[in-house]
Amino acid sequence: MAGGNAIRGTRVGAGPMGESERGESAPRQRIAFFCANGHETTPSFAAGADQPDQWDCPRCGLPAGRDREAPPAAPSIEPYKTHLAYVRERRSDADGAALLDEALANLKAKRGR
Ligand SMILES: [Zn+2]
């Protein structure tokens, strides 16, 4: 049970920083973004605020642009993301075991027996 639970637990209870308090009455503007897979998403922005040229497609995660005819090219990060997610999932357990092994090995080495 010597995993990363203590570290993970420090974030429990941390929430969004009161974003809902703001912008209730501010005029908002919907901007359409199009991704390479043909998805359209229309997030809303406060009128007058800087609007991004790109937006992450909420359906497939690809960058979406404001030009329907020329969506941004899909970067080849899909395998990387999957791999990273896989590593993150396993990380705490694997690291815990590795650290434990290393600690035991060091202990044995120091004792010299
Ligand atoms: Zn998409």
# chains A, B, ... in the order shown; residues from 1 in each chain; ligands from 1
>>> closest_atom_pairs(of="chain A", to="ligand 1", cutoff="9 Å", atoms="only C-alpha atoms and all ligand atoms", output="JSON lines")
{"residue": "A:Phe34", "atom": "CA", "partner": "ligand 1", "partner_atom_place_in_ligand_line": "1 (Zn)", "distance": 7.3}
{"residue": "A:Cys35", "atom": "CA", "partner": "ligand 1", "partner_atom_place_in_ligand_line": "1 (Zn)", "distance": 4.9}
{"residue": "A:Ala36", "atom": "CA", "partner": "ligand 1", "partner_atom_place_in_ligand_line": "1 (Zn)", "distance": 6.5}
{"residue": "A:Asn37", "atom": "CA", "partner": "ligand 1", "partner_atom_place_in_ligand_line": "1 (Zn)", "distance": 5.0}
{"residue": "A:Gly38", "atom": "CA", "partner": "ligand 1", "partner_atom_place_in_ligand_line": "1 (Zn)", "distance": 6.2}
{"residue": "A:His39", "atom": "CA", "partner": "ligand 1", "partner_atom_place_in_ligand_line": "1 (Zn)", "distance": 4.4}
{"residue": "A:Glu40", "atom": "CA", "partner": "ligand 1", "partner_atom_place_in_ligand_line": "1 (Zn)", "distance": 7.1}
{"residue": "A:Thr41", "atom": "CA", "partner": "ligand 1", "partner_atom_place_in_ligand_line": "1 (Zn)", "distance": 8.3}
{"residue": "A:Asp56", "atom": "CA", "partner": "ligand 1", "partner_atom_place_in_ligand_line": "1 (Zn)", "distance": 8.0}
{"residue": "A:Cys57", "atom": "CA", "partner": "ligand 1", "partner_atom_place_in_ligand_line": "1 (Zn)", "distance": 4.7}
{"residue": "A:Pro58", "atom": "CA", "partner": "ligand 1", "partner_atom_place_in_ligand_line": "1 (Zn)", "distance": 6.7}
{"residue": "A:Arg59", "atom": "CA", "partner": "ligand 1", "partner_atom_place_in_ligand_line": "1 (Zn)", "distance": 5.0}
{"residue": "A:Cys60", "atom": "CA", "partner": "ligand 1", "partner_atom_place_in_ligand_line": "1 (Zn)", "distance": 4.2}
{"residue": "A:Gly61", "atom": "CA", "partner": "ligand 1", "partner_atom_place_in_ligand_line": "1 (Zn)", "distance": 6.1}
{"residue": "A:Leu62", "atom": "CA", "partner": "ligand 1", "partner_atom_place_in_ligand_line": "1 (Zn)", "distance": 5.6}
{"residue": "A:Pro63", "atom": "CA", "partner": "ligand 1", "partner_atom_place_in_ligand_line": "1 (Zn)", "distance": 7.7}
{"residue": "A:Ala64", "atom": "CA", "partner": "ligand 1", "partner_atom_place_in_ligand_line": "1 (Zn)", "distance": 7.1}
>>> atom_distance(atom1="atom CA of Ser44 of chain A", atom2="atom CA of Gly65 of chain A")
14.5 Å
